[in-house]
>>> print(open('final11.cif').read())   # mmCIF, C-alpha atoms
data_data
#
loop_
_atom_site.label_atom_id
_atom_site.label_comp_id
_atom_site.auth_asym_id
_atom_site.auth_seq_id
_atom_site.Cartn_x
_atom_site.Cartn_y
_atom_site.Cartn_z
CA MET A 1 -10.13 -11.56 -47.28
CA ALA A 2 -12.82 -9.63 -45.57
CA GLY A 3 -11.69 -7.83 -42.46
CA LEU A 4 -13.74 -6.04 -39.91
CA ALA A 5 -15.10 -2.70 -40.96
CA ALA A 6 -12.89 0.19 -39.95
CA LYS A 7 -13.94 1.98 -36.78
CA PRO A 8 -16.15 4.94 -37.73
CA GLU A 9 -14.17 8.15 -37.35
CA ASN A 10 -15.58 11.31 -35.89
CA LYS A 11 -15.88 13.94 -38.63
CA ALA A 12 -14.54 16.75 -36.50
CA ALA A 13 -11.03 16.56 -35.12
CA ALA A 14 -11.30 15.08 -31.65
CA PRO A 15 -10.70 17.72 -28.97
CA LEU A 16 -8.21 16.92 -26.24
CA PRO A 17 -10.10 15.08 -23.53
CA SER A 18 -10.81 17.37 -20.62
CA TRP A 19 -12.11 14.72 -18.23
CA PRO A 20 -8.70 14.17 -16.58
CA ASP A 21 -8.60 17.86 -15.64
CA GLU A 22 -12.08 17.62 -14.16
CA VAL A 23 -11.11 14.47 -12.26
CA TYR A 24 -8.04 16.28 -10.91
CA ARG A 25 -10.28 19.09 -9.57
CA VAL A 26 -12.67 16.58 -8.01
CA LEU A 27 -9.79 14.77 -6.28
CA LYS A 28 -8.31 18.04 -5.02
CA GLU A 29 -11.68 19.09 -3.62
CA ALA A 30 -11.98 15.68 -1.96
CA GLY A 31 -8.73 16.42 -0.11
CA VAL A 32 -6.53 13.79 -1.75
CA LYS A 33 -2.92 14.10 -0.53
CA GLN A 34 -1.35 10.79 -1.58
CA VAL A 35 -1.55 9.33 -5.06
CA GLY A 36 -0.29 5.80 -5.62
CA MET A 37 -0.01 4.61 -9.17
CA VAL A 38 1.23 2.07 -11.64
CA PRO A 39 1.07 4.11 -14.81
CA ASP A 40 -1.39 3.66 -17.62
CA ALA A 41 -1.65 5.69 -20.81
CA GLY A 42 -5.25 6.50 -19.92
CA HIS A 43 -4.10 8.11 -16.65
CA SER A 44 -1.14 9.99 -18.14
CA ARG A 45 -2.78 13.43 -18.15
CA LEU A 46 -4.00 13.04 -14.57
CA ILE A 47 -0.55 11.81 -13.50
CA ARG A 48 1.05 14.89 -15.08
CA ALA A 49 -1.33 17.11 -13.14
CA PHE A 50 -0.30 15.48 -9.86
CA GLU A 51 3.39 15.61 -10.82
CA ALA A 52 3.03 19.37 -11.05
CA ASP A 53 1.20 19.61 -7.70
CA PRO A 54 3.50 20.23 -4.71
CA GLU A 55 0.65 19.57 -2.24
CA THR A 56 0.22 15.97 -3.34
CA ARG A 57 2.66 13.10 -2.91
CA LEU A 58 2.76 11.01 -6.08
CA VAL A 59 4.20 7.55 -5.40
CA THR A 60 5.12 5.18 -8.21
CA LEU A 61 4.49 1.60 -7.12
CA THR A 62 6.10 -1.60 -8.32
CA THR A 63 2.74 -3.38 -8.10
CA GLU A 64 -0.76 -2.15 -7.41
CA GLU A 65 -1.36 -3.88 -4.07
CA GLU A 66 1.40 -1.73 -2.61
CA GLY A 67 -0.95 1.20 -3.13
CA VAL A 68 -3.82 -0.44 -1.25
CA ALA A 69 -1.53 -0.88 1.76
CA MET A 70 0.03 2.58 1.42
CA LEU A 71 -3.35 4.30 1.38
CA ALA A 72 -4.43 2.28 4.42
CA GLY A 73 -1.38 3.67 6.22
CA ALA A 74 -2.17 7.15 4.94
CA TRP A 75 -5.69 6.87 6.37
CA LEU A 76 -4.30 5.80 9.75
CA GLY A 77 -2.26 8.99 9.63
CA GLY A 78 -5.18 11.19 8.63
CA GLN A 79 -4.56 11.58 4.90
CA ARG A 80 -6.81 10.72 2.00
CA GLY A 81 -5.51 9.19 -1.19
CA VAL A 82 -6.31 7.70 -4.55
CA LEU A 83 -4.94 4.68 -6.40
CA LEU A 84 -4.52 4.95 -10.17
CA LEU A 85 -4.23 1.64 -11.99
CA GLN A 86 -5.09 -0.34 -15.07
CA SER A 87 -7.64 -3.14 -14.97
CA SER A 88 -4.91 -5.79 -15.15
CA GLY A 89 -3.58 -4.44 -11.85
CA VAL A 90 -6.86 -5.09 -10.08
CA GLY A 91 -5.98 -8.77 -10.02
CA ASN A 92 -2.79 -7.97 -8.13
CA CYS A 93 -4.78 -6.29 -5.36
CA ILE A 94 -7.19 -9.05 -4.35
CA ASN A 95 -5.90 -10.23 -0.97
CA MET A 96 -4.73 -6.74 -0.02
CA LEU A 97 -8.32 -5.55 -0.40
CA SER A 98 -8.99 -7.45 2.84
CA LEU A 99 -7.49 -4.46 4.59
CA PRO A 100 -9.99 -1.71 3.69
CA ALA A 101 -12.83 -4.25 3.81
CA ILE A 102 -12.24 -5.50 7.35
CA CYS A 103 -11.06 -2.15 8.74
CA HIS A 104 -13.76 0.00 7.13
CA MET A 105 -11.14 2.23 5.58
CA PRO A 106 -11.86 4.43 2.57
CA LEU A 107 -10.17 3.43 -0.66
CA LEU A 108 -10.69 5.19 -3.98
CA MET A 109 -9.41 3.31 -7.03
CA LEU A 110 -9.57 4.78 -10.53
CA VAL A 111 -9.24 1.89 -12.96
CA THR A 112 -8.62 2.43 -16.65
CA MET A 113 -10.02 -0.51 -18.55
CA ARG A 114 -8.40 -2.87 -20.99
CA GLY A 115 -9.99 -6.00 -22.33
CA ASP A 116 -13.33 -4.41 -22.99
CA TRP A 117 -14.77 -2.17 -25.72
CA GLY A 118 -12.73 -2.41 -28.93
CA GLU A 119 -9.84 -4.40 -27.43
CA PHE A 120 -7.35 -5.78 -29.96
CA ASN A 121 -5.10 -7.76 -27.61
CA PRO A 122 -6.61 -11.12 -26.60
CA TRP A 123 -4.30 -11.35 -23.57
CA GLN A 124 -6.11 -8.39 -22.00
CA ILE A 125 -9.48 -10.12 -22.10
CA PRO A 126 -9.36 -12.45 -19.07
CA MET A 127 -8.50 -9.81 -16.46
CA GLY A 128 -10.43 -7.04 -18.22
CA GLN A 129 -13.60 -9.10 -18.26
CA GLY A 130 -12.96 -10.25 -14.68
CA THR A 131 -12.17 -6.83 -13.23
CA GLN A 132 -15.58 -5.82 -11.92
CA ALA A 133 -16.42 -9.26 -10.52
CA ALA A 134 -13.01 -9.48 -8.85
CA LEU A 135 -13.46 -6.12 -7.14
CA GLU A 136 -17.02 -6.89 -6.08
CA SER A 137 -15.97 -10.28 -4.72
CA MET A 138 -13.79 -8.36 -2.23
CA GLY A 139 -16.48 -5.92 -1.20
CA VAL A 140 -15.41 -2.98 -3.37
CA ILE A 141 -18.28 -0.77 -4.52
CA VAL A 142 -17.89 -0.42 -8.29
CA THR A 143 -19.26 2.20 -10.65
CA ARG A 144 -18.48 2.58 -14.36
CA ALA A 145 -17.97 5.58 -16.60
CA ASP A 146 -18.25 4.89 -20.31
CA GLU A 147 -18.69 8.45 -21.58
CA PRO A 148 -16.14 11.23 -21.14
CA ASP A 149 -18.76 13.58 -19.72
CA LEU A 150 -19.61 11.09 -16.97
CA VAL A 151 -16.13 10.41 -15.63
CA ALA A 152 -15.73 13.36 -13.25
CA GLN A 153 -19.17 13.02 -11.69
CA THR A 154 -18.70 9.27 -11.31
CA VAL A 155 -15.39 9.88 -9.53
CA TRP A 156 -17.07 12.53 -7.37
CA GLY A 157 -19.71 10.00 -6.34
CA ALA A 158 -17.17 7.28 -5.59
CA ALA A 159 -14.96 9.67 -3.61
CA ASN A 160 -17.88 10.77 -1.45
CA LEU A 161 -18.91 7.18 -0.90
CA ALA A 162 -15.36 6.16 0.04
CA PHE A 163 -14.52 9.02 2.38
CA ASN A 164 -17.93 9.48 3.99
CA THR A 165 -18.85 5.84 4.50
CA TRP A 166 -15.30 4.40 4.91
CA ARG A 167 -15.56 1.81 2.20
CA PRO A 168 -13.41 0.72 -0.74
CA THR A 169 -14.72 2.01 -4.06
CA ALA A 170 -13.58 1.76 -7.66
CA VAL A 171 -14.46 3.67 -10.81
CA LEU A 172 -13.94 1.71 -14.00
CA ILE A 173 -13.15 4.09 -16.86
CA GLY A 174 -14.13 2.28 -20.04
CA GLN A 175 -12.25 2.03 -23.30
CA ARG A 176 -15.02 4.03 -24.98
CA VAL A 177 -13.66 6.97 -22.97
CA LEU A 178 -9.98 6.15 -23.42
CA GLY A 179 -10.03 5.03 -27.03
CA ALA A 180 -9.17 1.45 -27.93
CA LYS A 181 -5.53 0.86 -28.78
CA ASN A 182 -4.73 -1.13 -31.89
CA PHE A 183 -1.05 -1.91 -32.30
CA LYS A 184 -1.89 -4.15 -35.26
CA GLU A 185 -3.29 -1.19 -37.15
CA LEU A 186 -0.28 0.90 -36.15
CA ALA A 187 2.06 -1.86 -37.32
CA ARG A 188 0.45 -1.85 -40.75
CA LYS A 189 0.97 1.89 -41.21
CA MET B 1 28.70 -16.69 30.35
CA THR B 2 26.40 -15.99 27.51
CA ASN B 3 27.14 -17.65 24.20
CA PRO B 4 28.21 -14.93 21.73
CA ASN B 5 26.88 -17.04 18.86
CA ALA B 6 23.43 -17.50 20.40
CA LEU B 7 20.56 -16.13 18.33
CA LEU B 8 18.51 -13.28 19.75
CA HIS B 9 15.10 -13.97 21.22
CA ARG B 10 12.34 -12.22 19.30
CA ARG B 11 10.42 -10.88 22.28
CA ASP B 12 13.57 -9.45 23.87
CA VAL B 13 14.28 -7.72 20.55
CA VAL B 14 10.81 -6.20 20.34
CA VAL B 15 10.84 -5.05 23.98
CA GLU B 16 14.12 -3.26 23.28
CA LEU B 17 12.90 -1.71 20.01
CA LEU B 18 9.85 -0.36 21.87
CA ARG B 19 11.69 0.77 25.02
CA GLU B 20 10.58 4.28 26.07
CA ARG B 21 8.56 4.39 22.89
CA GLY B 22 7.04 7.79 23.50
CA GLU B 23 5.17 8.94 20.41
CA LEU B 24 6.39 6.07 18.22
CA LEU B 25 3.82 4.62 15.81
CA VAL B 26 4.08 0.89 15.15
CA ILE B 27 2.82 -1.31 12.34
CA ALA B 28 3.19 -5.04 13.09
CA GLY B 29 3.13 -7.65 10.35
CA LEU B 30 0.81 -10.62 10.60
CA GLY B 31 1.70 -13.65 12.65
CA ALA B 32 4.38 -13.76 15.30
CA PRO B 33 5.47 -10.09 14.97
CA ASN B 34 1.88 -9.13 15.84
CA TRP B 35 1.99 -11.34 18.95
CA ASP B 36 5.48 -10.03 19.87
CA VAL B 37 4.42 -6.40 19.67
CA SER B 38 1.29 -7.19 21.66
CA ALA B 39 3.33 -9.07 24.28
CA ALA B 40 5.37 -5.91 24.77
CA GLY B 41 2.12 -4.12 25.67
CA ASP B 42 -1.06 -3.43 23.76
CA ASN B 43 -1.11 0.21 22.74
CA PRO B 44 -3.46 2.36 20.63
CA ASN B 45 -0.40 3.52 18.66
CA ASN B 46 0.09 -0.06 17.42
CA PHE B 47 -1.54 -1.29 14.28
CA PRO B 48 -1.12 -5.06 14.42
CA LEU B 49 -2.08 -6.85 11.21
CA TRP B 50 -4.02 -10.12 11.30
CA GLY B 51 -3.96 -10.61 7.54
CA ALA B 52 -3.12 -8.78 4.30
CA MET B 53 0.32 -10.42 4.12
CA GLY B 54 2.79 -8.06 2.47
CA ALA B 55 1.04 -4.90 3.69
CA ALA B 56 3.22 -3.92 6.63
CA SER B 57 6.05 -1.94 5.04
CA MET B 58 3.82 -0.07 2.59
CA MET B 59 1.39 0.80 5.39
CA GLY B 60 4.42 2.18 7.17
CA LEU B 61 5.26 4.31 4.14
CA GLY B 62 1.75 5.75 3.82
CA LEU B 63 1.66 6.49 7.54
CA ALA B 64 5.15 8.03 7.54
CA LEU B 65 4.23 10.32 4.64
CA ALA B 66 0.97 11.32 6.32
CA GLN B 67 2.63 11.98 9.69
CA PRO B 68 6.07 13.42 8.89
CA LYS B 69 6.60 14.64 12.47
CA ARG B 70 6.05 11.21 13.99
CA LYS B 71 8.41 8.26 13.87
CA VAL B 72 7.06 5.07 12.33
CA LEU B 73 8.44 1.61 13.07
CA VAL B 74 7.36 -1.43 11.07
CA ILE B 75 8.05 -4.73 12.81
CA THR B 76 7.46 -7.70 10.57
CA GLY B 77 8.75 -11.14 9.65
CA ASP B 78 11.00 -12.44 6.90
CA GLY B 79 8.15 -14.25 5.14
CA GLU B 80 5.98 -11.13 5.14
CA MET B 81 8.84 -8.98 3.85
CA LEU B 82 9.67 -11.48 1.11
CA MET B 83 6.10 -11.16 -0.15
CA SER B 84 6.53 -7.41 -0.79
CA LEU B 85 10.11 -7.00 -2.00
CA GLY B 86 8.97 -4.34 -4.45
CA ALA B 87 8.06 -2.18 -1.46
CA LEU B 88 11.77 -1.89 -0.69
CA ALA B 89 12.24 -0.22 -4.08
CA THR B 90 9.25 2.07 -3.58
CA ILE B 91 10.35 3.07 -0.07
CA ALA B 92 13.95 3.61 -1.22
CA VAL B 93 12.75 6.03 -3.89
CA GLU B 94 10.45 7.93 -1.49
CA LYS B 95 13.14 8.12 1.24
CA PRO B 96 10.89 8.77 4.25
CA PRO B 97 13.28 9.88 7.03
CA ASN B 98 10.81 8.85 9.75
CA LEU B 99 10.40 5.20 8.71
CA THR B 100 12.27 2.18 10.09
CA ILE B 101 11.58 -1.36 8.97
CA ALA B 102 12.72 -4.07 11.38
CA VAL B 103 12.42 -7.60 10.03
CA LEU B 104 12.50 -10.37 12.64
CA ASP B 105 14.23 -13.07 10.64
CA ASN B 106 13.86 -16.61 11.98
CA GLU B 107 14.31 -17.98 8.45
CA ARG B 108 10.98 -19.74 8.85
CA PHE B 109 7.29 -19.46 8.03
CA GLY B 110 6.48 -19.70 11.70
CA GLU B 111 2.68 -19.86 11.64
CA THR B 112 2.44 -22.69 9.15
CA GLY B 113 4.81 -25.32 10.51
CA MET B 114 8.24 -23.68 10.54
CA GLN B 115 9.00 -24.30 6.88
CA LYS B 116 12.20 -22.62 5.71
CA THR B 117 11.93 -19.25 3.98
CA HIS B 118 14.26 -17.93 1.30
CA THR B 119 16.46 -16.28 3.92
CA ALA B 120 17.34 -19.80 5.12
CA GLY B 121 18.52 -20.44 1.58
CA GLY B 122 20.90 -17.49 1.66
CA VAL B 123 18.74 -14.62 0.39
CA ASP B 124 20.08 -11.44 2.00
CA LEU B 125 17.17 -9.10 2.62
CA ALA B 126 19.43 -6.39 4.07
CA GLY B 127 21.55 -6.56 0.93
CA MET B 128 18.44 -6.25 -1.20
CA ALA B 129 17.26 -3.22 0.77
CA LEU B 130 20.70 -1.64 0.40
CA ALA B 131 20.81 -2.35 -3.31
CA ALA B 132 17.34 -0.81 -3.64
CA GLY B 133 18.76 2.39 -2.18
CA ILE B 134 17.95 2.23 1.54
CA ARG B 135 21.40 3.37 2.63
CA THR B 136 21.09 2.46 6.30
CA SER B 137 20.52 -1.27 6.04
CA ARG B 138 22.01 -3.70 8.51
CA ILE B 139 22.05 -7.31 9.57
CA VAL B 140 21.62 -7.37 13.35
CA ARG B 141 22.83 -10.23 15.53
CA THR B 142 23.50 -8.71 18.96
CA ALA B 143 21.55 -6.88 21.65
CA GLU B 144 23.82 -3.85 21.21
CA GLU B 145 23.00 -3.70 17.53
CA VAL B 146 19.28 -3.92 18.36
CA THR B 147 19.68 -0.91 20.65
CA ALA B 148 21.36 0.99 17.82
CA ILE B 149 18.37 0.28 15.55
CA ARG B 150 16.00 1.33 18.34
CA ASP B 151 17.87 4.64 18.60
CA LEU B 152 17.86 5.20 14.82
CA ALA B 153 14.10 4.54 14.72
CA HIS B 154 13.56 7.21 17.36
CA GLN B 155 15.89 9.71 15.69
CA GLY B 156 14.16 9.80 12.33
CA LYS B 157 17.30 9.56 10.21
CA GLY B 158 15.86 6.98 7.91
CA PRO B 159 14.74 5.24 6.02
CA VAL B 160 16.32 2.43 8.01
CA PHE B 161 16.14 -1.28 7.27
CA ALA B 162 17.24 -3.86 9.85
CA LEU B 163 17.29 -7.60 9.33
CA ILE B 164 17.38 -8.98 12.86
CA LYS B 165 18.42 -12.61 13.07
CA ILE B 166 16.35 -14.37 15.74
CA SER B 167 15.87 -17.84 17.13
CA PRO B 168 13.12 -19.92 15.45
CA GLU B 169 11.11 -20.40 18.63
CA ALA B 170 7.37 -20.85 18.96
CA LEU B 171 6.03 -18.74 21.80
CA PRO B 172 2.63 -18.36 23.48
CA PHE B 173 0.15 -16.22 21.58
CA VAL B 174 -0.46 -12.73 22.97
CA MET B 175 -3.25 -11.25 20.94
CA PRO B 176 -4.40 -7.65 20.48
CA PRO B 177 -7.99 -6.82 19.49
CA ALA B 178 -8.83 -8.67 16.27
CA ASP B 179 -11.50 -6.32 14.93
CA GLY B 180 -10.10 -4.11 12.20
CA VAL B 181 -12.54 -1.30 12.94
CA ILE B 182 -11.49 -1.19 16.59
CA LEU B 183 -7.79 -1.19 15.66
CA THR B 184 -8.29 1.49 13.02
CA THR B 185 -10.49 3.73 15.11
CA ARG B 186 -8.41 3.65 18.26
CA PHE B 187 -5.22 4.30 16.27
CA ARG B 188 -6.74 7.25 14.44
CA GLN B 189 -8.25 8.64 17.62
CA SER B 190 -4.89 8.39 19.35
CA VAL B 191 -2.94 10.01 16.50
CA LEU B 192 -5.49 12.52 15.22
CA GLY B 193 -7.56 13.20 18.31
CA ASP B 194 -11.29 12.87 18.86
CA GLU B 195 -11.86 14.68 15.58
CA ALA B 196 -11.03 11.39 13.86
CA LEU B 197 -14.33 9.97 15.13
CA TYR B 198 -16.32 12.52 13.18
CA ASN B 199 -14.75 12.33 9.74
#
>>> encode(input="final11.cif", output="structure tokens")
Amino acid sequence: MAGLAAKPENKAAAPLPSWPDEVYRVLKEAGVKQVGMVPDAGHSRLIRAFEADPETRLVTLTTEEEGVAMLAGAWLGGQRGVLLLQSSGVGNCINMLSLPAICHMPLLMLVTMRGDWGEFNPWQIPMGQGTQAALESMGVIVTRADEPDLVAQTVWGAANLAFNTWRPTAVLIGQRVLGAKNFKELARK
Amino acid sequence: MTNPNALLHRRDVVVELLRERGELLVIAGLGAPNWDVSAAGDNPNNFPLWGAMGAASMMGLGLALAQPKRKVLVITGDGEMLMSLGALATIAVEKPPNLTIAVLDNERFGETGMQKTHTAGGVDLAGMALAAGIRTSRIVRTAEEVTAIRDLAHQGKGPVFALIKISPEALPFVMPPADGVILTTRFRQSVLGDEALYN
């Protein structure tokens, strides 16, 4: 039975991705003090950087909309923050996004994508394909980064937009950057 | 003689919680808690929610972390708290000493026709907060117990959770400004000073 062609491999060994370190520097320069997150593998290196940072409060959430509300409270108290989440968590945030929209509060969301490039799990498709439209339907300004070299500058742009114009923004970090998971392939090995 | 079994009246409770409020910062959940807090006196240090159900306690956490020297009091309803039960776990783990959550529990969804909430069916929100790890968690039924919560909120020995059983009464609306930008800007200006207007 003919399967799909194997994903072309890079000839050289892939270097460790450095974009999370660059994103960490951008967020520090932007003055981020509170980080709310529901973990995702794609954010793990950035999360480790914040875990090691005594100047930043890293808060693990039970669901992503908690972070939208927490960062609204942080803004009322004069602190900037960032919300780290996976695309599936965007759906959890919808009504809570009323808060930054109606109050003109900054919100910076860094969304690691599932259900797009190279996805193997069909259950990730509905929310992954709906992520950008869902955010935009609630007034969030969305930009995408689909190359590792573009992530930090895209985050820089979204952070400036959020904190200088008091609007909710999201950066969607594509699976081309993160690498598509394939548990089926792993299961065969 | 007052009836010792009589339920507390929500606006009396809120007036007592906010007595001599000083520098206290207040987040009010949507619906009746918003009107109750406003009835006690509109104040730039109030952030009364008109929507975003489930936001109140987590806004309180973000504010308490950002302003560790100020005391933060969240006043919300049982329906609003039930929508964000996970926040009890998050707040318990973060342990903000300057955060008190006071839930006005009439066991009803008051804005939508007084339908019963889960607390009417026996769900114990104070027990859930305690089990999450908020060690000071009480069910409050008397004026004296309300005063004790008021004092705890002002002392900053939290986090504190109080489930305050109140009468399911519908009261006249007392509304604060509805515009989110006005509420946000005046709160930030009050807490952060005029500098907040420039960045």
>>> interface_residues(input="final11.cif", of="chain A", to="chain B", cutoff="10 Å", atoms="all atoms listed in the file", output="MDAnalysis selection string")
chainID A and resid 33:34 36 57:63 65:81 94:105 163:166
>>> residues_around(input="final11.cif", residues="Ala30 in chain A", least_positions_apart="2", cutoff="12 Å", atoms="only C-alpha atoms", output="PyMOL selection string")
chain A and resi 23-28+32-34+79-82+108+155-164
>>> resolve_selection(input="final11.cif", expression="the PyMOL selection byres ((chain B and resi 176) around 8)", output="list in words")
Asn34, Trp35, Ser38, Asp42, Pro48, Val174, Met175, Pro177 and Ala178 of chain B
>>> atom_distance(input="final11.cif", atom1="CA of Ala131 in chain B", atom2="CA of Gly158 in chain B")
15.4 Å
>>> resolve_selection(input="final11.cif", expression="the PyMOL selection byres ((chain A and resi 131) around 9)", output="JSON, numbers by chain")
{"A": [87, 88, 90, 91, 113, 126, 127, 128, 129, 130, 132, 133, 134, 135, 136, 172]}
>>> resolve_selection(input="final11.cif", expression="the PyMOL selection byres ((chain B and resi 23) around 12)", output="list in words")
Leu18, Arg19, Glu20, Arg21, Gly22, Leu24, Leu25, Val26, Asn43, Pro44, Asn45, Asn46, Gln67, Lys69, Arg70, Lys71, Val72, Leu73, Ala153, His154, Gln155, Ser190 and Val191 of chain B
